[in-house]
file start21.cif (mmCIF, C-alpha atoms)
data_protein
#
loop_
_atom_site.label_atom_id
_atom_site.label_comp_id
_atom_site.auth_asym_id
_atom_site.auth_seq_id
_atom_site.Cartn_x
_atom_site.Cartn_y
_atom_site.Cartn_z
CA MET A 73 47.64 17.86 -21.31
CA LYS A 74 45.64 15.62 -23.70
CA PHE A 75 43.49 14.49 -20.76
CA ALA A 76 42.93 18.14 -19.75
CA LEU A 77 41.92 19.12 -23.28
CA LYS A 78 39.53 16.18 -23.52
CA PHE A 79 38.03 17.15 -20.14
CA VAL A 80 37.55 20.76 -21.27
CA ALA A 81 36.00 19.62 -24.58
CA ALA A 82 33.65 17.27 -22.76
CA THR A 83 32.69 20.03 -20.32
CA VAL A 84 31.98 22.43 -23.19
CA ALA A 85 29.86 19.77 -24.91
CA ILE A 86 27.84 19.22 -21.73
CA VAL A 87 27.35 22.97 -21.25
CA CYS A 88 26.25 23.37 -24.88
CA ALA A 89 23.84 20.47 -24.61
CA THR A 90 22.44 21.87 -21.36
CA SER A 91 22.15 25.32 -22.95
CA ALA A 92 20.34 23.87 -25.95
CA MET A 93 17.73 22.32 -23.70
CA ALA A 94 17.65 25.22 -21.24
CA GLN A 95 14.18 26.26 -22.38
CA LYS A 96 12.48 23.13 -21.01
CA GLY A 97 10.65 24.13 -17.85
CA GLU A 98 11.62 27.78 -18.31
CA THR A 99 8.96 30.43 -17.68
CA VAL A 100 8.32 32.74 -20.63
CA LYS A 101 6.90 36.02 -19.38
CA MET A 102 4.44 37.69 -21.75
CA VAL A 103 2.62 40.99 -21.25
CA ARG A 104 -0.48 42.01 -23.17
CA ILE A 105 -0.86 45.78 -23.57
CA ASP A 106 -4.51 46.60 -24.37
CA PRO A 107 -7.56 48.45 -22.98
CA LEU A 108 -8.92 46.95 -19.78
CA THR A 109 -11.15 49.91 -18.85
CA GLY A 110 -13.42 52.34 -20.68
CA LEU A 111 -15.92 51.62 -23.46
CA LEU A 112 -13.63 49.07 -25.10
CA GLY A 113 -12.41 47.59 -21.82
CA PRO A 114 -14.75 44.56 -21.94
CA VAL A 115 -13.06 43.41 -25.16
CA GLY A 116 -9.57 43.59 -23.64
CA VAL A 117 -10.65 41.90 -20.42
CA SER A 118 -12.24 39.00 -22.32
CA GLN A 119 -9.15 38.56 -24.49
CA LEU A 120 -6.81 38.61 -21.48
CA LYS A 121 -8.86 35.77 -19.96
CA GLY A 122 -8.29 33.90 -23.22
CA TYR A 123 -4.53 34.34 -22.96
CA GLN A 124 -4.41 33.14 -19.39
CA PHE A 125 -6.67 30.18 -20.20
CA PHE A 126 -4.55 29.03 -23.14
CA ALA A 127 -1.24 29.81 -21.43
CA GLU A 128 -2.16 27.00 -19.08
CA LYS A 129 -3.24 24.71 -21.94
CA PHE A 130 -0.04 25.20 -23.92
CA SER A 131 2.49 25.20 -21.06
CA GLY A 132 4.86 22.34 -20.32
CA ALA A 133 3.86 19.24 -22.26
CA GLY A 134 1.45 21.44 -24.24
CA ASN A 135 4.27 22.75 -26.42
CA PRO A 136 7.29 21.07 -28.05
CA ALA A 137 9.77 23.32 -26.23
CA GLY A 138 8.41 22.37 -22.81
CA VAL A 139 8.29 25.99 -21.59
CA LYS A 140 5.76 27.49 -19.21
CA PHE A 141 3.86 30.53 -20.52
CA GLU A 142 2.86 33.27 -18.10
CA VAL A 143 0.66 36.16 -19.30
CA THR A 144 -0.22 39.38 -17.48
CA GLY A 145 -1.97 42.50 -18.75
CA ILE A 146 -1.40 46.25 -18.59
CA ASP A 147 -4.23 48.70 -19.30
CA ASN A 148 -3.24 51.14 -22.06
CA LYS A 149 -6.65 52.88 -22.19
CA LEU A 150 -6.37 52.53 -26.00
CA SER A 151 -3.75 55.31 -25.98
CA PRO A 152 -0.46 55.10 -27.94
CA THR A 153 1.24 57.21 -25.25
CA GLU A 154 -0.03 54.99 -22.44
CA SER A 155 1.08 51.97 -24.48
CA LEU A 156 4.66 53.23 -24.69
CA ASN A 157 4.70 53.67 -20.91
CA ALA A 158 3.27 50.15 -20.57
CA LEU A 159 5.97 48.79 -22.89
CA LYS A 160 8.68 50.24 -20.66
CA ALA A 161 7.00 48.82 -17.55
CA ALA A 162 6.69 45.38 -19.17
CA ILE A 163 10.38 45.34 -20.13
CA ASP A 164 11.33 46.48 -16.62
CA GLN A 165 9.31 43.53 -15.28
CA GLY A 166 11.43 41.15 -17.36
CA ALA A 167 8.98 40.46 -20.19
CA ARG A 168 10.58 39.89 -23.58
CA TYR A 169 7.40 38.97 -25.41
CA ILE A 170 4.86 41.78 -25.84
CA ILE A 171 1.30 41.17 -27.09
CA GLN A 172 -1.14 43.79 -28.40
CA GLY A 173 -3.97 43.96 -30.87
CA ASN A 174 -6.75 46.46 -30.23
CA GLY A 175 -5.99 49.59 -32.21
CA SER A 176 -3.65 49.94 -35.17
CA SER A 177 -2.58 53.40 -33.99
CA VAL A 178 -1.24 51.69 -30.87
CA ALA A 179 0.33 48.94 -32.97
CA LEU A 180 2.21 51.42 -35.15
CA ALA A 181 3.57 53.20 -32.06
CA LEU A 182 4.62 49.91 -30.45
CA THR A 183 6.28 48.62 -33.62
CA ASP A 184 8.42 51.74 -33.87
CA ALA A 185 9.26 51.71 -30.15
CA VAL A 186 10.19 48.01 -30.05
CA THR A 187 12.40 48.36 -33.14
CA LYS A 188 14.26 51.33 -31.67
CA TYR A 189 14.59 49.67 -28.26
CA ASN A 190 16.12 46.54 -29.78
CA GLU A 191 18.61 48.59 -31.80
CA ARG A 192 19.74 50.38 -28.65
CA ASN A 193 19.74 47.35 -26.35
CA PRO A 194 21.50 44.41 -28.01
CA GLY A 195 21.20 41.28 -25.88
CA LYS A 196 17.93 42.49 -24.32
CA GLU A 197 15.67 42.32 -27.38
CA VAL A 198 11.90 41.89 -27.22
CA ILE A 199 9.41 40.51 -29.75
CA TYR A 200 6.05 42.13 -30.50
CA LEU A 201 3.20 39.67 -31.19
CA ASN A 202 0.22 41.34 -32.86
CA ASP A 203 -3.09 39.47 -32.48
CA ALA A 204 -5.61 41.95 -33.91
CA ALA A 205 -4.19 45.25 -35.26
CA VAL A 206 -4.85 44.90 -38.99
CA ASP A 207 -3.51 48.04 -40.68
CA PRO A 208 -1.70 46.70 -43.80
CA ASP A 209 1.11 49.23 -43.28
CA LEU A 210 2.33 47.13 -40.35
CA THR A 211 3.50 44.46 -42.79
CA ASN A 212 4.22 46.78 -45.69
CA SER A 213 5.76 50.27 -45.44
CA LYS A 214 6.06 50.08 -41.61
CA CYS A 215 7.16 46.45 -41.38
CA SER A 216 9.63 45.49 -38.66
CA TYR A 217 11.71 42.36 -38.09
CA TRP A 218 10.51 42.29 -34.47
CA HIS A 219 6.77 42.45 -35.31
CA PHE A 220 4.72 39.33 -36.13
CA ARG A 221 1.02 39.57 -37.03
CA PHE A 222 -1.32 36.64 -36.34
CA ASP A 223 -4.56 38.23 -37.52
CA ALA A 224 -5.30 38.70 -41.23
CA ASP A 225 -4.78 42.31 -42.29
CA THR A 226 -7.48 44.64 -43.62
CA SER A 227 -6.57 44.03 -47.27
CA MET A 228 -6.71 40.24 -46.81
CA LYS A 229 -10.11 40.40 -45.13
CA MET A 230 -11.47 42.80 -47.72
CA GLU A 231 -10.23 40.51 -50.50
CA ALA A 232 -12.34 37.72 -49.04
CA MET A 233 -15.30 39.96 -48.19
CA SER A 234 -15.45 41.53 -51.65
CA SER A 235 -15.15 38.10 -53.28
CA PHE A 236 -18.30 37.09 -51.42
CA MET A 237 -20.08 40.38 -52.13
CA GLU A 238 -19.30 39.89 -55.80
CA THR A 239 -21.71 36.95 -55.80
CA GLN A 240 -24.51 38.82 -53.99
CA LYS A 241 -26.38 40.39 -56.90
CA ASP A 242 -28.90 42.15 -54.65
CA ILE A 243 -26.15 44.49 -53.39
CA LYS A 244 -26.41 47.74 -55.36
CA ASN A 245 -25.64 50.69 -53.06
CA VAL A 246 -23.00 50.61 -50.34
CA TYR A 247 -22.32 52.98 -47.44
CA ILE A 248 -18.87 52.80 -45.75
CA LEU A 249 -18.74 53.73 -42.07
CA GLY A 250 -15.67 53.47 -39.87
CA GLN A 251 -13.68 54.64 -36.90
CA ASN A 252 -11.49 57.70 -37.51
CA TYR A 253 -8.04 56.14 -37.20
CA SER A 254 -5.76 54.09 -39.44
CA HIS A 255 -7.94 50.95 -39.40
CA GLY A 256 -11.13 52.76 -40.40
CA VAL A 257 -9.31 54.64 -43.15
CA GLN A 258 -7.81 51.43 -44.53
CA VAL A 259 -11.14 49.57 -44.52
CA ALA A 260 -12.65 52.35 -46.64
CA LYS A 261 -9.67 52.40 -49.00
CA TYR A 262 -9.65 48.65 -49.68
CA ALA A 263 -13.44 48.41 -49.86
CA LYS A 264 -13.52 50.95 -52.68
CA GLU A 265 -10.54 49.39 -54.47
CA THR A 266 -11.75 45.79 -54.36
CA LEU A 267 -15.38 46.55 -55.24
CA ALA A 268 -14.29 48.69 -58.19
CA ARG A 269 -12.30 45.70 -59.43
CA LYS A 270 -14.89 42.98 -58.77
CA ARG A 271 -18.27 44.74 -58.85
CA PRO A 272 -17.89 48.08 -60.68
CA ASP A 273 -21.69 48.30 -60.87
CA ILE A 274 -21.94 48.80 -57.10
CA LYS A 275 -22.27 52.46 -56.11
CA ILE A 276 -20.62 53.91 -53.01
CA VAL A 277 -23.44 56.19 -51.88
CA GLY A 278 -21.85 57.50 -48.70
CA GLU A 279 -18.77 57.40 -46.51
CA ASP A 280 -18.18 58.53 -42.92
CA LEU A 281 -15.51 58.34 -40.22
CA HIS A 282 -16.40 58.89 -36.58
CA PRO A 283 -14.32 59.30 -33.38
CA LEU A 284 -12.99 56.05 -31.93
CA ALA A 285 -14.85 54.83 -28.82
CA GLN A 286 -16.55 58.19 -28.21
CA VAL A 287 -19.92 57.98 -29.97
CA ARG A 288 -22.74 56.82 -27.71
CA ASP A 289 -25.65 57.36 -30.11
CA PHE A 290 -25.31 56.27 -33.75
CA ALA A 291 -28.87 57.31 -34.68
CA PRO A 292 -27.64 60.32 -36.73
CA TYR A 293 -25.35 58.01 -38.75
CA ILE A 294 -28.19 55.56 -39.35
CA ALA A 295 -30.36 58.45 -40.56
CA LYS A 296 -27.66 59.38 -43.11
CA ILE A 297 -27.35 55.76 -44.23
CA LYS A 298 -31.11 55.44 -44.75
CA ALA A 299 -31.25 58.76 -46.60
CA SER A 300 -28.46 57.61 -48.95
CA GLY A 301 -30.51 54.66 -50.15
CA ALA A 302 -27.78 52.20 -49.14
CA ASP A 303 -28.86 48.56 -49.10
CA THR A 304 -25.53 47.52 -47.52
CA VAL A 305 -23.09 48.92 -44.97
CA ILE A 306 -19.40 48.01 -44.80
CA THR A 307 -17.81 48.72 -41.42
CA GLY A 308 -14.58 47.84 -39.65
CA ASN A 309 -16.05 48.99 -36.32
CA TRP A 310 -15.40 46.87 -33.26
CA GLY A 311 -16.36 46.78 -29.58
CA SER A 312 -18.84 49.41 -28.40
CA ASP A 313 -18.65 51.23 -31.75
CA LEU A 314 -20.13 48.23 -33.54
CA SER A 315 -22.54 47.25 -30.76
CA LEU A 316 -24.03 50.75 -30.58
CA LEU A 317 -24.16 51.05 -34.37
CA ILE A 318 -26.15 47.82 -34.68
CA LYS A 319 -28.38 48.84 -31.77
CA ALA A 320 -29.16 52.15 -33.48
CA ALA A 321 -29.87 50.37 -36.78
CA ASN A 322 -32.35 48.04 -35.08
CA GLU A 323 -34.03 50.85 -33.16
CA ASN A 324 -34.35 53.12 -36.19
CA GLY A 325 -35.62 50.58 -38.68
CA TYR A 326 -32.63 50.12 -40.97
CA THR A 327 -33.02 46.71 -42.60
CA GLY A 328 -30.04 46.63 -44.95
CA LYS A 329 -27.08 44.27 -44.78
CA PHE A 330 -23.98 44.82 -42.65
CA PHE A 331 -20.59 43.45 -43.70
CA THR A 332 -18.35 43.55 -40.65
CA TYR A 333 -14.96 42.47 -39.35
CA TYR A 334 -15.93 42.01 -35.69
CA ALA A 335 -19.60 41.03 -35.27
CA GLY A 336 -18.58 38.23 -32.88
CA VAL A 337 -16.69 40.43 -30.43
CA THR A 338 -17.90 41.10 -26.86
CA GLY A 339 -21.17 43.03 -26.68
CA THR A 340 -22.08 42.92 -30.36
CA PRO A 341 -23.99 39.60 -30.31
CA THR A 342 -26.30 41.03 -27.63
CA ALA A 343 -26.81 44.20 -29.67
CA LEU A 344 -27.61 42.12 -32.75
CA GLY A 345 -30.24 40.03 -31.01
CA THR A 346 -32.56 38.39 -33.53
CA ASN A 347 -33.03 41.49 -35.68
CA GLY A 348 -29.80 40.93 -37.60
CA ALA A 349 -30.68 37.40 -38.72
CA GLY A 350 -29.65 36.74 -42.31
CA ARG A 351 -28.30 40.23 -42.94
CA VAL A 352 -25.21 40.68 -40.73
CA TYR A 353 -22.02 39.10 -42.06
CA GLN A 354 -18.50 38.80 -40.65
CA VAL A 355 -15.15 38.10 -42.28
CA ALA A 356 -12.61 36.50 -39.94
CA TYR A 357 -10.01 33.74 -39.60
CA ASN A 358 -12.26 31.73 -37.27
CA HIS A 359 -15.84 31.64 -35.98
CA TYR A 360 -18.00 30.17 -33.21
CA ASN A 361 -18.59 26.80 -34.87
CA MET A 362 -15.16 25.55 -35.93
CA GLY A 363 -15.76 22.04 -34.59
CA GLY A 364 -13.28 19.53 -33.14
CA GLN A 365 -10.91 20.61 -30.40
CA MET A 366 -11.90 24.25 -30.75
CA ASP A 367 -15.48 23.43 -29.73
CA LYS A 368 -14.20 21.65 -26.61
CA TRP A 369 -11.96 24.57 -25.67
CA MET A 370 -14.77 27.09 -26.18
CA LYS A 371 -17.13 25.11 -23.97
CA GLU A 372 -14.50 24.81 -21.25
CA PHE A 373 -13.69 28.52 -21.49
CA HIS A 374 -17.37 29.42 -21.23
CA ASP A 375 -17.90 27.10 -18.27
CA LYS A 376 -14.94 28.67 -16.47
CA TYR A 377 -15.47 32.36 -17.23
CA LYS A 378 -19.12 32.61 -18.32
CA ASP A 379 -17.72 34.36 -21.38
CA ASP A 380 -17.22 33.57 -25.08
CA PHE A 381 -13.81 32.92 -26.61
CA TYR A 382 -13.34 34.38 -30.10
CA THR A 383 -9.71 35.54 -30.53
CA GLY A 384 -8.24 32.45 -32.21
CA ALA A 385 -4.93 34.28 -32.76
CA THR A 386 -4.28 33.58 -29.07
CA ILE A 387 -4.01 29.87 -29.81
CA ARG A 388 -1.79 30.40 -32.82
CA ILE A 389 0.60 32.59 -30.87
CA PHE A 390 1.20 29.83 -28.33
CA GLN A 391 1.44 27.17 -31.04
CA THR A 392 3.97 29.04 -33.16
CA LEU A 393 6.01 30.28 -30.19
CA GLY A 394 6.31 26.77 -28.80
CA ALA A 395 7.34 25.42 -32.20
CA ALA A 396 9.82 28.26 -32.78
CA MET A 397 11.39 27.87 -29.33
CA ALA A 398 11.79 24.14 -29.92
CA LYS A 399 13.35 24.84 -33.31
CA ALA A 400 15.67 27.51 -31.87
CA LYS A 401 16.39 25.43 -28.75
CA SER A 402 16.12 28.71 -26.88
CA THR A 403 13.71 31.33 -25.56
CA ASP A 404 16.07 34.15 -26.56
CA PRO A 405 13.97 36.54 -28.70
CA VAL A 406 16.81 36.91 -31.24
CA LYS A 407 16.90 33.17 -31.90
CA VAL A 408 13.13 32.79 -31.66
CA ALA A 409 12.50 35.62 -34.14
CA ALA A 410 14.73 33.88 -36.66
CA ALA A 411 12.89 30.60 -36.05
CA LEU A 412 9.49 32.26 -36.45
CA GLU A 413 10.28 33.40 -39.98
CA GLY A 414 8.60 31.04 -42.43
CA ILE A 415 7.45 28.64 -39.72
CA LYS A 416 4.46 26.43 -40.45
CA VAL A 417 2.18 24.87 -37.84
CA ASN A 418 -1.00 22.85 -37.96
CA SER A 419 -3.64 24.91 -36.19
CA PHE A 420 -7.36 24.57 -35.48
CA ASN A 421 -8.29 24.89 -39.17
CA GLY A 422 -5.29 23.52 -41.02
CA GLU A 423 -1.75 24.63 -41.76
CA VAL A 424 -0.81 28.29 -41.33
CA GLU A 425 2.49 29.94 -42.23
CA MET A 426 4.30 33.00 -40.88
CA ARG A 427 5.42 34.54 -44.16
CA LYS A 428 9.11 35.40 -43.98
CA ALA A 429 8.91 38.42 -46.27
CA ASP A 430 6.73 40.54 -43.98
CA HIS A 431 5.84 38.47 -40.87
CA GLN A 432 2.17 38.24 -41.87
CA LEU A 433 0.46 34.95 -41.00
CA GLN A 434 -1.04 33.26 -44.05
CA GLN A 435 -4.31 31.57 -43.10
CA PRO A 436 -7.84 30.66 -44.26
CA LEU A 437 -10.67 33.20 -43.92
CA TYR A 438 -14.40 32.65 -43.39
CA ILE A 439 -17.55 34.56 -44.24
CA THR A 440 -20.23 33.89 -41.63
CA VAL A 441 -23.82 35.10 -41.29
CA TRP A 442 -25.83 35.85 -38.15
CA GLN A 443 -28.64 33.33 -37.80
CA LYS A 444 -30.53 31.22 -35.29
CA ALA A 445 -28.37 28.56 -33.63
CA ASP A 446 -29.32 25.02 -34.68
CA LYS A 447 -28.05 21.44 -34.49
CA LYS A 448 -25.47 22.03 -37.21
CA TYR A 449 -24.21 25.33 -35.77
CA PRO A 450 -25.15 25.21 -32.08
CA TYR A 451 -22.85 27.67 -30.30
CA SER A 452 -24.82 30.68 -29.06
CA PRO A 453 -22.73 33.69 -27.88
CA GLU A 454 -23.98 35.80 -24.98
CA GLY A 455 -27.07 33.63 -24.60
CA THR A 456 -28.71 35.16 -27.68
CA GLY A 457 -29.96 31.92 -29.20
CA MET A 458 -28.18 33.09 -32.36
CA THR A 459 -24.81 32.27 -33.91
CA LEU A 460 -22.41 33.08 -36.74
CA ALA A 461 -22.74 30.26 -39.28
CA PRO A 462 -20.14 29.78 -42.02
CA VAL A 463 -21.30 30.38 -45.59
CA MET A 464 -17.94 30.53 -47.37
CA GLU A 465 -14.31 29.58 -46.71
CA TYR A 466 -11.35 31.07 -48.57
CA ALA A 467 -8.07 29.15 -48.55
CA ASN A 468 -4.74 30.77 -47.66
CA TYR A 469 -3.79 31.50 -51.26
CA VAL A 470 -7.11 33.26 -51.98
CA SER A 471 -6.96 35.71 -49.09
CA SER A 472 -3.20 36.30 -49.39
CA THR A 473 -2.21 39.75 -50.65
CA PRO A 474 1.21 40.97 -51.88
CA THR A 475 3.61 42.90 -49.65
CA SER A 476 5.89 45.85 -50.29
CA CYS A 477 7.87 45.19 -47.08
CA GLN A 478 11.60 45.77 -47.31
CA MET A 479 12.58 43.91 -44.15
CA LYS A 480 15.62 45.28 -42.36
CA ARG A 481 17.08 42.30 -40.56
CA PRO A 482 19.66 42.54 -37.76
CA SER A 483 23.20 41.67 -38.84
#

call {"tool": "encode", "arguments": {"input": "start21.cif", "output": "structure tokens"}}
result
Amino acid sequence: MKFALKFVAATVAIVCATSAMAQKGETVKMVRIDPLTGLLGPVGVSQLKGYQFFAEKFSGAGNPAGVKFEVTGIDNKLSPTESLNALKAAIDQGARYIIQGNGSSVALALTDAVTKYNERNPGKEVIYLNDAAVDPDLTNSKCSYWHFRFDADTSMKMEAMSSFMETQKDIKNVYILGQNYSHGVQVAKYAKETLARKRPDIKIVGEDLHPLAQVRDFAPYIAKIKASGADTVITGNWGSDLSLLIKAANENGYTGKFFTYYAGVTGTPTALGTNGAGRVYQVAYNHYNMGGQMDKWMKEFHDKYKDDFYTGATIRIFQTLGAAMAKAKSTDPVKVAAALEGIKVNSFNGEVEMRKADHQLQQPLYITVWQKADKKYPYSPEGTGMTLAPVMEYANYVSSTPTSCQMKRPS
């Protein structure tokens, strides 16, 4: 009997040990749900290439858990409804890690759907990894245990942007222009709040929202901006909406400054050309001239795809997932979610932390300006001969903003 009990105990120990290391060599299926067609399709296609490129880099020995990452994409046409259908298809395909970023309206729909799905399907949970949807509500009033954001939210970016604008004494009159959905609304809200606090002398001389990814000629908006006397424009526009806005500004002789979130995204560098030199700024958690390993990766990515890599959240997702899976000794989303809370990893620009309170990554932010590429800042996107050169860096604690999230954690 004693021998039998010892045998059973030993067997259990072996099984447990094997289970603990079961993630090594395991394939982790990930599906990115984002636009792959339409006006904003080029952005999604470029980002999907980035995921597949870095999935290879961070697989196996590239992560402490030893797992293999596999990423596929589903076109959601930037539609929340299409995204919910894509979510179901991804789960049916066996994916338990969902990635999305382009469009906060989509992100809000996915957050709600993933939360409800996990409540109804214990043992089959999925995690939602957000790489670019920056509506602050996602980590405040709409926060979810199953949602983790790797970009900096709108309030964080505006905190950094307004801190820089505070020092630019030539800024007197600001026009706010944005896309008519949650992101555009939030950019306007936080721009007005932070400038009133830091530069109350600045006047908001105009404000407009336009349809998302529908406007093909921004000349009428540029005419309104010029008529307002604005010397500076703040915009959260991205993709074709920013490219066409800048194109219209150049064609119609607007010479004021632009403070943007996404000047480095596909298509916009070409639209900027040389006309935006010294007057187009971007706030972001990375830029084209980070140096070190990032420079090597970007060169390799460009050589392989003839495209520019700019979504650094991709790298951080693989880094933190690998670390969390090693910590959890599992790829089970329930265990990995718990391990992700509060996790710290050393990334391409120092240590970043996934804040436990709201699942918002705490990270440095940079202000960069569009200028001619040179020896110090040599990377030139889209063959423009120009680049985004850093002019200011804000540490994690500077860009961090408080959260009102009341996280409901599974029992």

call {"tool": "closest_residue", "arguments": {"input": "start21.cif", "among": "A:Pro283, A:Pro136, A:Gly250, A:Gly457", "to": "A:Asn347", "atoms": "only C-alpha atoms"}}
result
A:Gly457

call {"tool": "closest_residue", "arguments": {"input": "start21.cif", "among": "A:Thr340, A:Gln165, A:Asn202, A:Asn148", "to": "A:Gln432", "atoms": "all atoms listed in the file"}}
result
A:Asn202

call {"tool": "residues_around", "arguments": {"input": "start21.cif", "residues": "A:Leu267", "least_positions_apart": "2", "cutoff": "10 Å", "atoms": "only C-alpha atoms", "output": "JSON, numbers by chain"}}
result
{"A": [230, 231, 233, 234, 235, 237, 238, 246, 262, 263, 264, 265, 269, 270, 271, 272, 273, 274, 275, 276]}

call {"tool": "atom_distance", "arguments": {"input": "start21.cif", "atom1": "atom CA of A:Arg427", "atom2": "atom CA of A:Ala133"}}
result
26.8 Å

call {"tool": "resolve_selection", "arguments": {"input": "start21.cif", "expression": "the PyMOL selection byres ((chain A and resi 367) around 12)", "output": "ChimeraX atom specification"}}
result
/A:358-366,368-374,380-382,384,420-421,449-452

call {"tool": "resolve_selection", "arguments": {"input": "start21.cif", "expression": "the PyMOL selection byres ((chain A and resi 218) around 9)", "output": "list in words"}}
result
Thr183, Val186, Thr187, Asn190, Glu197, Val198, Ile199, Tyr200, Leu201, Cys215, Ser216, Tyr217, His219, Phe220, Pro405, Val406, Ala409, His431 and Arg481 of chain A

call {"tool": "atom_distance", "arguments": {"input": "start21.cif", "atom1": "atom CA of A:Gly132", "atom2": "atom CA of A:Val417"}}
result
17.9 Å

call {"tool": "resolve_selection", "arguments": {"input": "start21.cif", "expression": "the PyMOL selection byres ((chain A and resi 345) around 10)", "output": "number ranges by chain"}}
result
A: 318-319, 322, 340-344, 346-349, 442-444, 454-459

call {"tool": "axis_aligned_box", "arguments": {"input": "start21.cif", "around": "stretch 314-327 of chain A", "padding_each_side": "4 Å", "output": "JSON"}}
result
{"center_x": -27.9, "center_y": 49.9, "center_z": -36.6, "size_x": 23.5, "size_y": 14.4, "size_z": 20.0}
